[in-house]
Every structure is written in structure tokens, then in C-alpha cells.
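Asker: Questions regarding the structure given below will be posed in turn.
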Amino acid sequence: MTPWERRCMDMQTVEEMLKAKGRDVWAIGPDATAYEALEMMAEKNVGALIVIEEGRPVGIFSERDYARKVILKGKSSKDTRVRDLMTEDLVCVIPNDTVRECMALMTARKLRHLPVIEGGRLRGVISIGDVVNEVIMNQDFKIQEMEKYILTGH
Ligand SMILES: NC(=O)c1ccc[n+]([C@@H]2O[C@H](COP(=O)([O-])OP(=O)(O)OC[C@H]3O[C@@H](n4cnc5c(N)ncnc54)[C@H](O)[C@@H]3O)[C@@H](O)[C@H]2O)c1
């Protein structure tokens with residue numbers, strides 16, 4: 001499939017998305033406090049951190065985990081460890097997966113962040129905003145192509 005066809009069908013790969021948005025992975029250790037995690041999320045301007053222990057991803061800690069497992073439970077963010085709050089069931093994608101597959105996974109599993117794993121190593125993070133951004137760009141591209149076709153016939 002050509003890049004043009006892939007764009008028309010929302011079939012760009014995670015690898016292509018990472019090339020455009022960058023491969024940073026903001027991560028924290030499981031023994032950090034929820035407060036430290038929130039500070040890092042604010043500093044990096046992200047809504048989730050990958051939790052890494054001994055070099056391995058062991059979970060994800062998001063604003064949603066904080067809202068539901070700290071605030072609503074009446075816990076203190078300075079006395080609660082990420083280990084006790086993180087979501088351990090990590091749903092990941094690989095660089096060859098497509099935007100469409102990411103969308104389907106996010107919708108079906110109600111997720112907003114997908115760690116990208118390749119050969120057991122973290123390669124990046126794709127968020128729901130990244131996917132929406134890609135879909136909007138694809139729609140703009142399709143509209144331009146159709147306008148060009150209507151005006152020029154090819
Ligand atoms: N204009 C853009 O290109 C763009 C892209 C993504 C998000 N956003 C905006 O940001 C806001 C929130 O976005 P969101 O709900 O997708 O989540 P978010 O705030 O967690 O993500 C924002 C950006 O940070 C990246 N990110 C998140 N967690 C990361 C981590 N642990 N390590 C490395 N990178 C990480 C995401 O991939 C995304 O590019 C929304 O208002 C959205 O519109 C804009």
C-alpha cells in the first residue's frame with residue numbers, strides 16, 4: 001500500500017505517528033508517590049506516566065487513576081505510592097500497528113494511552129489526542145484530494 005492509500009484509509013502506522021510526534025517516554029518508578037507523579041505529569045504536560053521497575057514497564061499511572069483511586073477514596077497523594085495505584089494490565093501496540101487499530105483498541109478497552117513496545121523495549125507512547133490529530137489530518141488530506149479531483153479531473 002502506498003503512503004497516499006494508507007492516509008486515505010487511516011492506515012498509517014504507529015511508527016509513522018512516532019516519527020511525527022516524537023519518541024519520548026515519560027516514566028516513573030513504582031515507589032514514587034502519587035504527588036511526585038502528578039508533579040512530573042504537570043512538568044511534562046502529559047496525562048499518564050509509564051511505570052518502570054528494573055528497566056521493565058510494569059504499569060501505567062494516569063490522571064484517571066489519581067482521580068478514582070486517590071481523591072475519591074479519600075487518600076493522600078503524598079502518602080500513597082504509584083505501585084498501589086497504577087494499572088498493571090498494560091495494553092500495548094507495536095510500530096507496525098495502524099492508526100485504525102489504535103482507535104479500535106482505545107475504544108474497545110476504554111484507554112487513552114498506548115505504550116509502543118518493540119522487542120520488549122518501550123519505543124514511545126500514543127495518546128488518544130495523537131490518534132484524533134492523525135484522523136483530522138487525514139480528513140483534511142482527503143478533502144483536498146477530492147477538491148483537486150473535482151476542479152482538475154485528476
Ligand atoms: N495538537 C497535537 O498534535 C496534539 C496531540 C496530542 C494531544 N493534544 C492535546 O493535548 C491534550 C491532551 O491530550 P491527550 O488526552 O491525548 O493526552 P496527554 O495529555 O497525555 O497527551 C499529550 C501528548 O503527550 C504525549 N504523552 C502522553 N503521555 C506520555 C508519556 N508518558 N510519555 C511520552 N509522551 C506522552 C501524547 O502522546 C501526546 O502527544 C488535548 O487537549 C489534545 O487535544 C494535541
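Here, A, B, ... name the chains of the C-alpha cells in the order displayed, residue numbers run from 1 inside each chain, and ligands are numbered from 1 in the same displayed order.
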Can you list, as a list in words, every protein, DNA or RNA residue that comes within 12 Å of A:Ile136 when you count only C-alpha atoms, leaving out same-chain residues fewer than 5 positions away?
Answerer: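 With the cut-off at 12 Å, the set is Arg7, Cys8, Asp10, Val99, Gly129, Asp130, Val131, Phe141, Lys142 and Ile143 of chain A.
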Asker: Neighbours of ligand 1 within 6 Å, counting only C-alpha atoms and all ligand atoms, as a list in words?
Answerer: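 Within the 6 Å cut-off, the matching residues are Asp24, Val25, Trp26, Ala27, Val46, Gly47, Ala48, Leu49, Ile50, Val125, Ile126, Ser127, Ile128, Gly129, Asp130 and Asn133 of chain A.
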Asker: To one decimal in Å, tell me the separation between atom CA of A:Val58 and atom CA of A:Arg100.
Answerer: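 About the pair atom CA of A:Val58 and atom CA of A:Arg100: they are 25.8 Å apart.
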Asker: May I ask which of the residues A:Met137, A:Leu151, A:Ile71, A:Ile60 is the closest one to A:Arg112, counting only C-alpha atoms?
Answerer: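 Comparing A:Met137, A:Leu151, A:Ile71, A:Ile60 against A:Arg112, the winner is A:Ile60.
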Asker: What are the DSSP strand (DSSP E or B) residues of stretch 3-64 of chain A, as a PyMOL selection string?
Answerer: chain A and resi 13+27-28+33+48-53+56-62
Asker: How about saving the chosen residues, N, CA and C atoms kept, as a short mmCIF file (atom, residue, chain, number, x, y, z; two decimals), in the first residue's frame?
Answerer:
```cif
data_model
loop_
_atom_site.label_atom_id
_atom_site.label_comp_id
_atom_site.auth_asym_id
_atom_site.auth_seq_id
_atom_site.Cartn_x
_atom_site.Cartn_y
_atom_site.Cartn_z
N THR A 13 1.00 3.88 10.09
CA THR A 13 1.45 3.03 11.19
C THR A 13 1.81 3.86 12.42
N ALA A 27 8.40 8.44 32.25
CA ALA A 27 8.16 7.26 33.10
C ALA A 27 8.53 7.58 34.53
N ILE A 28 8.03 6.74 35.44
CA ILE A 28 8.29 6.93 36.88
C ILE A 28 8.44 5.56 37.52
N THR A 33 5.72 8.67 44.95
CA THR A 33 4.37 8.94 45.48
C THR A 33 3.48 9.46 44.34
N ALA A 48 -0.41 10.84 31.55
CA ALA A 48 -0.12 9.49 32.05
C ALA A 48 1.39 9.26 32.04
N LEU A 49 1.83 8.42 32.97
CA LEU A 49 3.25 8.04 33.01
C LEU A 49 3.35 6.52 32.95
N ILE A 50 4.34 6.04 32.23
CA ILE A 50 4.59 4.61 32.23
C ILE A 50 5.37 4.30 33.52
N VAL A 51 5.00 3.20 34.18
CA VAL A 51 5.71 2.84 35.42
C VAL A 51 6.75 1.78 35.07
N ILE A 52 8.00 2.11 35.41
CA ILE A 52 9.11 1.22 35.05
C ILE A 52 9.83 0.75 36.30
N GLU A 53 10.02 -0.57 36.38
CA GLU A 53 10.76 -1.16 37.50
C GLU A 53 11.84 -2.08 36.93
N ARG A 56 11.92 -2.53 33.26
CA ARG A 56 10.76 -3.14 32.58
C ARG A 56 9.49 -2.33 32.83
N PRO A 57 8.65 -2.12 31.79
CA PRO A 57 7.36 -1.47 32.05
C PRO A 57 6.46 -2.41 32.84
N VAL A 58 5.96 -1.93 34.00
CA VAL A 58 5.13 -2.81 34.84
C VAL A 58 3.72 -2.25 35.02
N GLY A 59 3.47 -1.05 34.46
CA GLY A 59 2.13 -0.48 34.59
C GLY A 59 2.07 0.92 34.02
N ILE A 60 0.91 1.54 34.17
CA ILE A 60 0.72 2.91 33.72
C ILE A 60 -0.07 3.64 34.81
N PHE A 61 0.31 4.89 35.05
CA PHE A 61 -0.38 5.70 36.06
C PHE A 61 -0.92 6.94 35.37
N SER A 62 -2.24 7.13 35.42
CA SER A 62 -2.86 8.23 34.67
C SER A 62 -3.64 9.14 35.61
#
```
Asker: Run DSSP on the backbone of this structure and report the residues of stretch 18-70 of chain A it assigns to alpha helix (DSSP H), as a list of chain:residue names.
Answerer: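 Those residues are A:Leu18, A:Lys19, A:Ala20, A:Lys21, A:Ala34, A:Tyr35, A:Glu36, A:Ala37, A:Leu38, A:Glu39, A:Met40, A:Met41, A:Ala42, A:Glu43, A:Lys44, A:Glu63, A:Arg64, A:Asp65, A:Tyr66.
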